[in-house]
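The structure file run32.csv is reproduced below (CSV, C-alpha atoms and all ligand atoms).
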```csv
chain,number,residue,atom,x,y,z
C,20,MET,CA,-88.0,65.7,68.9
C,21,ARG,CA,-84.9,66.9,70.6
C,22,ILE,CA,-82.0,64.5,70.3
C,23,ALA,CA,-78.2,64.4,70.5
C,24,LEU,CA,-75.8,62.1,68.5
C,25,PHE,CA,-72.7,61.0,70.5
C,26,GLY,CA,-69.7,59.0,69.4
C,27,PRO,CA,-66.0,59.3,68.4
C,28,PRO,CA,-64.8,61.6,65.7
C,29,GLY,CA,-65.6,60.0,62.3
C,30,ALA,CA,-68.5,57.9,63.8
C,31,GLY,CA,-70.9,59.4,61.2
C,32,LYS,CA,-72.6,61.9,63.5
C,33,GLY,CA,-72.6,64.7,60.9
C,34,THR,CA,-73.8,62.4,58.1
C,35,GLN,CA,-76.6,60.9,60.2
C,36,ALA,CA,-77.6,64.2,61.8
C,37,LYS,CA,-78.1,65.7,58.3
C,38,ARG,CA,-80.2,62.7,57.3
C,39,LEU,CA,-82.3,62.9,60.4
C,40,ALA,CA,-82.7,66.6,60.0
C,41,GLN,CA,-83.9,66.2,56.5
C,42,ALA,CA,-86.2,63.3,57.1
C,43,HIS,CA,-87.9,64.7,60.2
C,44,GLY,CA,-87.6,68.5,59.9
C,45,LEU,CA,-85.1,68.9,62.7
C,46,THR,CA,-82.6,71.7,62.9
C,47,HIS,CA,-79.0,70.3,62.7
C,48,LEU,CA,-76.8,71.9,65.3
C,49,SER,CA,-73.2,71.0,65.0
C,50,THR,CA,-70.7,72.7,67.4
C,51,GLY,CA,-67.9,71.8,65.0
C,52,ASP,CA,-69.6,73.5,62.1
C,53,LEU,CA,-70.3,76.6,64.2
C,54,PHE,CA,-66.6,76.8,65.1
C,55,ARG,CA,-65.5,76.2,61.5
C,56,THR,CA,-67.8,78.9,60.2
C,57,ALA,CA,-66.4,81.3,62.8
C,58,ILE,CA,-62.9,80.5,61.7
C,59,ARG,CA,-63.8,80.9,58.0
C,60,GLU,CA,-65.4,84.3,58.7
C,61,ARG,CA,-62.5,85.4,60.9
C,62,THR,CA,-64.8,86.4,63.8
C,63,PRO,CA,-63.2,86.9,67.3
C,64,LEU,CA,-64.6,83.5,68.2
C,65,GLY,CA,-62.9,82.0,65.1
C,66,THR,CA,-59.6,83.5,66.1
C,67,ARG,CA,-59.9,82.2,69.6
C,68,VAL,CA,-60.6,78.6,68.6
C,69,SER,CA,-58.7,78.0,65.3
C,70,GLU,CA,-55.5,76.6,66.8
C,71,LEU,CA,-57.5,74.3,69.1
C,72,LEU,CA,-59.5,72.8,66.2
C,73,GLU,CA,-56.4,72.3,64.1
C,74,ALA,CA,-54.7,70.5,66.9
C,75,GLY,CA,-57.8,68.4,67.7
C,76,GLU,CA,-58.1,69.9,71.2
C,77,LEU,CA,-61.5,70.6,72.8
C,78,VAL,CA,-62.8,74.2,73.0
C,79,SER,CA,-63.6,75.2,76.6
C,80,ASP,CA,-66.9,74.3,78.1
C,81,ASP,CA,-67.9,77.9,78.7
C,82,VAL,CA,-67.3,79.0,75.1
C,83,THR,CA,-69.0,75.9,73.7
C,84,ASN,CA,-72.0,76.1,76.0
C,85,GLY,CA,-72.2,79.8,75.0
C,86,ILE,CA,-72.5,79.2,71.3
C,87,VAL,CA,-75.1,76.5,71.9
C,88,ALA,CA,-77.1,78.8,74.1
C,89,ASP,CA,-77.1,81.4,71.3
C,90,ARG,CA,-78.2,79.0,68.7
C,91,LEU,CA,-80.9,77.5,70.9
C,92,GLU,CA,-82.3,80.9,71.6
C,93,THR,CA,-82.7,81.6,67.9
C,94,LEU,CA,-84.4,78.2,67.6
C,95,ALA,CA,-87.0,79.1,70.2
C,96,HIS,CA,-86.9,75.5,71.5
C,97,GLY,CA,-88.0,73.9,68.2
C,98,ASP,CA,-86.9,70.4,67.3
C,99,PHE,CA,-83.2,69.7,66.8
C,100,VAL,CA,-80.5,67.2,66.5
C,101,LEU,CA,-77.3,68.0,68.3
C,102,ASP,CA,-74.1,66.7,66.7
C,103,GLY,CA,-70.8,66.6,68.6
C,104,TYR,CA,-72.3,68.1,71.7
C,105,PRO,CA,-72.3,67.5,74.6
C,106,ARG,CA,-68.8,66.0,74.7
C,107,THR,CA,-67.8,66.6,78.4
C,108,VAL,CA,-69.6,66.1,81.7
C,109,PRO,CA,-69.9,69.9,82.3
C,110,GLN,CA,-71.5,70.4,78.9
C,111,ALA,CA,-73.9,67.5,79.5
C,112,GLU,CA,-74.9,68.9,82.9
C,113,TRP,CA,-75.4,72.3,81.5
C,114,ILE,CA,-77.4,71.3,78.4
C,115,LEU,CA,-79.7,69.0,80.3
C,116,ALA,CA,-80.4,71.6,83.0
C,117,HIS,CA,-80.8,74.4,80.4
C,118,LEU,CA,-83.3,72.4,78.3
C,119,ALA,CA,-85.2,71.2,81.3
C,120,ASP,CA,-85.5,74.8,82.7
C,121,ALA,CA,-86.9,75.8,79.3
C,122,GLY,CA,-89.6,73.0,79.6
C,123,ALA,CA,-88.2,71.3,76.5
C,124,PRO,CA,-86.0,68.5,77.8
C,125,LEU,CA,-83.7,66.4,75.6
C,126,ASP,CA,-85.7,63.3,74.4
C,127,ALA,CA,-82.8,60.9,73.8
C,128,VAL,CA,-79.1,60.5,73.1
C,129,VAL,CA,-78.0,58.1,70.4
C,130,SER,CA,-74.4,56.9,70.7
C,131,LEU,CA,-72.8,55.6,67.5
C,132,ARG,CA,-70.3,52.8,68.1
C,133,VAL,CA,-67.4,52.6,65.6
C,134,PRO,CA,-64.0,51.0,66.3
C,135,ASP,CA,-60.9,53.2,66.1
C,136,GLU,CA,-59.6,51.4,63.0
C,137,ALA,CA,-62.7,52.3,61.1
C,138,VAL,CA,-62.6,55.9,62.4
C,139,VAL,CA,-59.1,56.3,61.0
C,140,GLN,CA,-60.2,54.9,57.7
C,141,ARG,CA,-63.2,57.2,57.5
C,142,LEU,CA,-61.4,60.4,58.6
C,143,SER,CA,-58.4,60.0,56.4
C,144,ARG,CA,-60.5,60.0,53.3
C,145,ARG,CA,-63.3,62.4,54.4
C,146,ARG,CA,-63.9,65.4,52.2
C,147,THR,CA,-66.4,68.2,52.9
C,148,ASP,CA,-68.0,70.9,50.8
C,149,PRO,CA,-67.7,74.2,52.8
C,150,GLU,CA,-70.4,75.8,50.6
C,151,THR,CA,-73.1,73.2,51.1
C,152,GLY,CA,-71.9,71.5,54.2
C,153,ALA,CA,-72.1,68.1,52.4
C,154,ILE,CA,-69.9,65.3,53.9
C,155,TYR,CA,-68.2,62.8,51.5
C,156,HIS,CA,-65.8,59.9,51.7
C,157,LEU,CA,-63.7,59.2,48.7
C,158,ASP,CA,-64.5,55.5,48.8
C,159,PHE,CA,-67.7,55.1,50.9
C,160,ASN,CA,-69.7,58.1,49.9
C,161,PRO,CA,-68.0,59.6,46.9
C,162,PRO,CA,-68.7,63.1,45.7
C,163,PRO,CA,-70.8,63.4,42.5
C,164,ALA,CA,-68.6,63.3,39.4
C,165,ASP,CA,-69.7,66.8,38.2
C,166,LEU,CA,-68.6,68.4,41.5
C,167,ASP,CA,-65.4,70.4,41.2
C,168,ALA,CA,-62.9,68.4,43.3
C,169,ASP,CA,-61.0,71.7,44.2
C,170,ALA,CA,-64.1,72.9,46.0
C,171,LEU,CA,-63.8,70.0,48.5
C,172,VAL,CA,-61.8,70.4,51.7
C,173,HIS,CA,-59.7,67.9,53.6
C,174,ARG,CA,-60.0,69.1,57.1
C,175,PRO,CA,-56.6,70.0,58.8
C,176,ASP,CA,-57.7,68.0,61.9
C,177,ASP,CA,-58.2,64.9,59.6
C,178,GLU,CA,-54.4,64.5,59.3
C,179,PRO,CA,-53.0,61.4,61.0
C,180,ASP,CA,-51.5,63.1,64.1
C,181,ALA,CA,-54.6,65.1,64.8
C,182,ILE,CA,-56.9,62.1,64.3
C,183,ARG,CA,-54.9,60.1,66.8
C,184,HIS,CA,-55.0,63.0,69.3
C,185,ARG,CA,-58.8,63.4,68.8
C,186,LEU,CA,-59.3,59.7,69.5
C,187,GLU,CA,-57.2,60.0,72.7
C,188,VAL,CA,-59.3,63.0,73.8
C,189,TYR,CA,-62.5,61.1,73.0
C,190,HIS,CA,-61.5,58.0,75.0
C,191,GLN,CA,-60.5,60.2,78.0
C,192,GLU,CA,-63.8,62.0,78.0
C,193,THR,CA,-66.1,59.2,77.0
C,194,ALA,CA,-66.5,57.0,80.0
C,195,PRO,CA,-67.6,59.8,82.4
C,196,VAL,CA,-69.9,61.5,79.8
C,197,GLU,CA,-71.4,58.2,78.9
C,198,ALA,CA,-72.1,57.3,82.5
C,199,PHE,CA,-73.6,60.7,83.2
C,200,LEU,CA,-75.9,60.5,80.1
C,201,ARG,CA,-77.0,57.0,80.9
C,202,GLU,CA,-78.1,58.1,84.3
C,203,HIS,CA,-79.9,61.3,83.3
C,204,VAL,CA,-81.4,60.8,79.8
C,205,ARG,CA,-82.6,58.0,77.6
C,206,TYR,CA,-79.4,56.7,76.0
C,207,PHE,CA,-79.2,54.2,73.1
C,208,GLU,CA,-76.2,52.6,71.6
C,209,VAL,CA,-76.3,51.9,67.9
C,210,ASP,CA,-73.8,50.0,65.8
C,211,GLY,CA,-72.3,52.7,63.5
C,212,THR,CA,-70.6,50.2,61.1
C,213,GLY,CA,-72.2,49.2,57.8
C,214,THR,CA,-73.6,51.4,55.1
C,215,LEU,CA,-74.9,54.9,55.6
C,216,ASP,CA,-78.5,53.6,55.0
C,217,GLU,CA,-78.0,50.7,57.5
C,218,VAL,CA,-76.9,53.0,60.2
C,219,GLN,CA,-79.8,55.4,59.5
C,220,GLY,CA,-82.2,52.5,59.7
C,221,ARG,CA,-80.8,51.5,63.1
C,222,ILE,CA,-81.1,55.0,64.5
C,223,SER,CA,-84.6,55.5,63.3
C,224,GLY,CA,-85.4,52.0,64.7
C,225,VAL,CA,-84.4,52.8,68.2
C,226,LEU,CA,-86.1,56.2,68.2
C,227,ALA,CA,-89.3,54.8,66.8
C,228,LYS,CA,-89.3,51.9,69.3
C,229,ASP,CA,-88.7,54.2,72.2
C,230,ARG,CA,-90.9,57.1,71.4
C,231,GLY,CA,-93.5,55.5,69.1
C,232,LEU,CA,-92.9,58.5,66.9
C,233,ALA,CA,-95.0,58.5,63.8
C,234,GLY,CA,-93.0,58.5,60.6
C,235,ILE,CA,-89.7,57.6,62.3
C,301,LIG,P1,-68.5,62.7,62.5
C,301,LIG,O1,-69.4,63.9,62.3
C,301,LIG,O2,-68.9,61.8,63.5
C,301,LIG,O3,-67.0,63.1,62.6
C,301,LIG,P2,-68.9,62.2,59.6
C,301,LIG,O4,-70.4,62.2,59.4
C,301,LIG,O5,-68.2,63.5,59.2
C,301,LIG,O6,-68.5,61.9,61.1
C,301,LIG,O7,-68.3,61.0,58.8
C,301,LIG,C1,-66.9,60.8,58.8
C,301,LIG,C2,-66.5,60.2,57.5
C,301,LIG,O8,-67.0,58.8,57.4
C,301,LIG,C3,-67.0,60.9,56.3
C,301,LIG,O9,-66.1,60.8,55.2
C,301,LIG,C4,-68.3,60.1,55.9
C,301,LIG,O10,-68.6,60.2,54.5
C,301,LIG,C5,-67.9,58.7,56.3
C,301,LIG,N1,-69.0,57.9,56.7
C,301,LIG,C6,-70.1,58.3,57.5
C,301,LIG,N2,-70.9,57.2,57.7
C,301,LIG,C7,-70.3,56.1,57.2
C,301,LIG,C8,-70.6,54.8,57.1
C,301,LIG,N3,-71.7,54.2,57.6
C,301,LIG,N4,-69.7,54.0,56.4
C,301,LIG,C9,-68.6,54.4,55.9
C,301,LIG,N5,-68.2,55.7,55.9
C,301,LIG,C10,-69.1,56.6,56.5
C,302,LIG,P1,-65.5,65.3,64.8
C,302,LIG,O1,-66.8,64.7,65.4
C,302,LIG,O2,-65.1,64.7,63.5
C,302,LIG,O3,-64.4,65.4,65.9
C,302,LIG,P2,-66.5,68.0,65.0
C,302,LIG,O4,-66.8,68.8,63.8
C,302,LIG,O5,-67.6,67.6,65.9
C,302,LIG,O6,-65.7,66.8,64.5
C,302,LIG,O7,-65.5,68.8,65.9
C,302,LIG,C1,-64.3,69.4,65.4
C,302,LIG,C2,-63.6,70.1,66.5
C,302,LIG,O8,-64.4,71.2,67.0
C,302,LIG,C3,-63.2,69.3,67.7
C,302,LIG,O9,-62.0,68.6,67.6
C,302,LIG,C4,-63.1,70.4,68.8
C,302,LIG,O10,-61.9,71.1,68.6
C,302,LIG,C5,-64.2,71.4,68.4
C,302,LIG,N1,-65.5,71.0,69.1
C,302,LIG,C6,-66.6,70.5,68.4
C,302,LIG,N2,-67.6,70.3,69.3
C,302,LIG,C7,-67.0,70.5,70.6
C,302,LIG,C8,-67.5,70.4,71.9
C,302,LIG,N3,-68.8,70.0,72.1
C,302,LIG,N4,-66.7,70.8,72.9
C,302,LIG,C9,-65.5,71.2,72.7
C,302,LIG,N5,-64.9,71.3,71.4
C,302,LIG,C10,-65.7,71.0,70.4
```

Target encoding structure tokens, full file:
Amino acid sequence: MRIALFGPPGAGKGTQAKRLAQAHGLTHLSTGDLFRTAIRERTPLGTRVSELLEAGELVSDDVTNGIVADRLETLAHGDFVLDGYPRTVPQAEWILAHLADAGAPLDAVVSLRVPDEAVVQRLSRRRTDPETGAIYHLDFNPPPADLDADALVHRPDDEPDAIRHRLEVYHQETAPVEAFLREHVRYFEVDGTGTLDEVQGRISGVLAKDRGLAGI
């Protein structure tokens, strides 16, 4: 199964992508994680994108498509869940064409709908573990008590100004990307509010109904 999760920052894409990956043996491919790893490792790519990430601006389509192409090559067209990609029309055009050319087209896009107020509430209390990649929320998905709180990161782009800017960028890009995806690939909208388990159940439900996929 090759799917993509779409939705605003803080919609729960990373959280649900990890759950889907674990439950169904998919590779989780997050462009945000790839950029953050590059920044942490101080690679040339990291140097190039670090200010953009901090300010909540999008990285260029060429650079973003390039890192996705590299990762897909190492995956040899196995099953995957894309998280936070595609986010613009040129990215969507490129990835659909690239996968179709490889004879391994994208099966579906699942869009998580979450209102802006909930996004702000989620992102302002998000904490991540850079070692394990785990995503927590201080109230809704708290880290285990025995975890060293100093090991957790509050992302610089989860500060109020950057959150507001990322939401603006998302709303500017959304309508055209959504229209493009609806026309070219199976596209499902799922209510992203409620508990983590409830959202996972809804995603699995639409995928199972659409694909008749065993075990989903
Ligand atoms: P995204 O990848 O879309 O930016 P994340 O998966 O990182 O979103 O989730 C953003 C924040 O919201 C995290 O702190 C996460 O723990 C929390 N979160 C995820 N899903 C839910 C949910 N269903 N209800 C409440 N909080 C959630
Ligand atoms: P979120 O879903 O919470 O916004 P991500 O981890 O997906 O977080 O993205 C973090 C940042 O990485 C984005 O604000 C942007 O700077 C960059 N980024 C991630 N994915 C893309 C993409 N597909 N195109 C351009 N920039 C991206």

Here is a test: counting all atoms listed in the file, which residue of C:Gln41, C:Thr46, C:Gln191, C:Ser79 is nearest to ligand LIG 302 (chain C)? C:Ser79

Taking into account all atoms listed in the file, which residue in the set C:Arg90, C:His47, C:Arg106, C:His156 is nearest to ligand LIG 301 (chain C)?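 The shortest atom-to-atom distance to ligand LIG 301 (chain C) comes from C:His156.
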
Excluding Ile154 of chain C and any residue of its chain fewer than 5 positions from it, enumerate the residues within 10 Å of it, using only C-alpha atoms, and give them as a list in words.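 The neighbour list is Gly31, Gly33, Thr34, Lys37, Arg145, Arg146, Thr147, Asp148, Pro149, Asn160, Pro161, Pro162, Leu171 and Val172 of chain C.
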
For a test of reading the model, state the distance in Å between atom CA of Leu125 of chain C and atom CA of Ala23 of chain C, rounded to one decimal.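 These atoms are spaced 7.8 Å apart.
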
Distance filter 10 Å around ligand LIG 301 (chain C), atoms: all atoms listed in the file, out as a PyMOL selection string: chain C and resi 24-37+49+51-52+102-103+131+133+137-147+153-162+173+177+210-219

Selected residues written out, C-alpha atoms, as a CSV table (one decimal), keeping the file's coordinate frame:
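Below is the file again01.csv, written as the result:
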```csv
chain,number,residue,atom,x,y,z
C,24,LEU,CA,-75.8,62.1,68.5
C,25,PHE,CA,-72.7,61.0,70.5
C,26,GLY,CA,-69.7,59.0,69.4
C,27,PRO,CA,-66.0,59.3,68.4
C,28,PRO,CA,-64.8,61.6,65.7
C,29,GLY,CA,-65.6,60.0,62.3
C,30,ALA,CA,-68.5,57.9,63.8
C,31,GLY,CA,-70.9,59.4,61.2
C,32,LYS,CA,-72.6,61.9,63.5
C,33,GLY,CA,-72.6,64.7,60.9
C,34,THR,CA,-73.8,62.4,58.1
C,35,GLN,CA,-76.6,60.9,60.2
C,36,ALA,CA,-77.6,64.2,61.8
C,37,LYS,CA,-78.1,65.7,58.3
C,49,SER,CA,-73.2,71.0,65.0
C,51,GLY,CA,-67.9,71.8,65.0
C,52,ASP,CA,-69.6,73.5,62.1
C,102,ASP,CA,-74.1,66.7,66.7
C,103,GLY,CA,-70.8,66.6,68.6
C,131,LEU,CA,-72.8,55.6,67.5
C,133,VAL,CA,-67.4,52.6,65.6
C,137,ALA,CA,-62.7,52.3,61.1
C,138,VAL,CA,-62.6,55.9,62.4
C,139,VAL,CA,-59.1,56.3,61.0
C,140,GLN,CA,-60.2,54.9,57.7
C,141,ARG,CA,-63.2,57.2,57.5
C,142,LEU,CA,-61.4,60.4,58.6
C,143,SER,CA,-58.4,60.0,56.4
C,144,ARG,CA,-60.5,60.0,53.3
C,145,ARG,CA,-63.3,62.4,54.4
C,146,ARG,CA,-63.9,65.4,52.2
C,147,THR,CA,-66.4,68.2,52.9
C,153,ALA,CA,-72.1,68.1,52.4
C,154,ILE,CA,-69.9,65.3,53.9
C,155,TYR,CA,-68.2,62.8,51.5
C,156,HIS,CA,-65.8,59.9,51.7
C,157,LEU,CA,-63.7,59.2,48.7
C,158,ASP,CA,-64.5,55.5,48.8
C,159,PHE,CA,-67.7,55.1,50.9
C,160,ASN,CA,-69.7,58.1,49.9
C,161,PRO,CA,-68.0,59.6,46.9
C,162,PRO,CA,-68.7,63.1,45.7
C,173,HIS,CA,-59.7,67.9,53.6
C,177,ASP,CA,-58.2,64.9,59.6
C,210,ASP,CA,-73.8,50.0,65.8
C,211,GLY,CA,-72.3,52.7,63.5
C,212,THR,CA,-70.6,50.2,61.1
C,213,GLY,CA,-72.2,49.2,57.8
C,214,THR,CA,-73.6,51.4,55.1
C,215,LEU,CA,-74.9,54.9,55.6
C,216,ASP,CA,-78.5,53.6,55.0
C,217,GLU,CA,-78.0,50.7,57.5
C,218,VAL,CA,-76.9,53.0,60.2
C,219,GLN,CA,-79.8,55.4,59.5
```
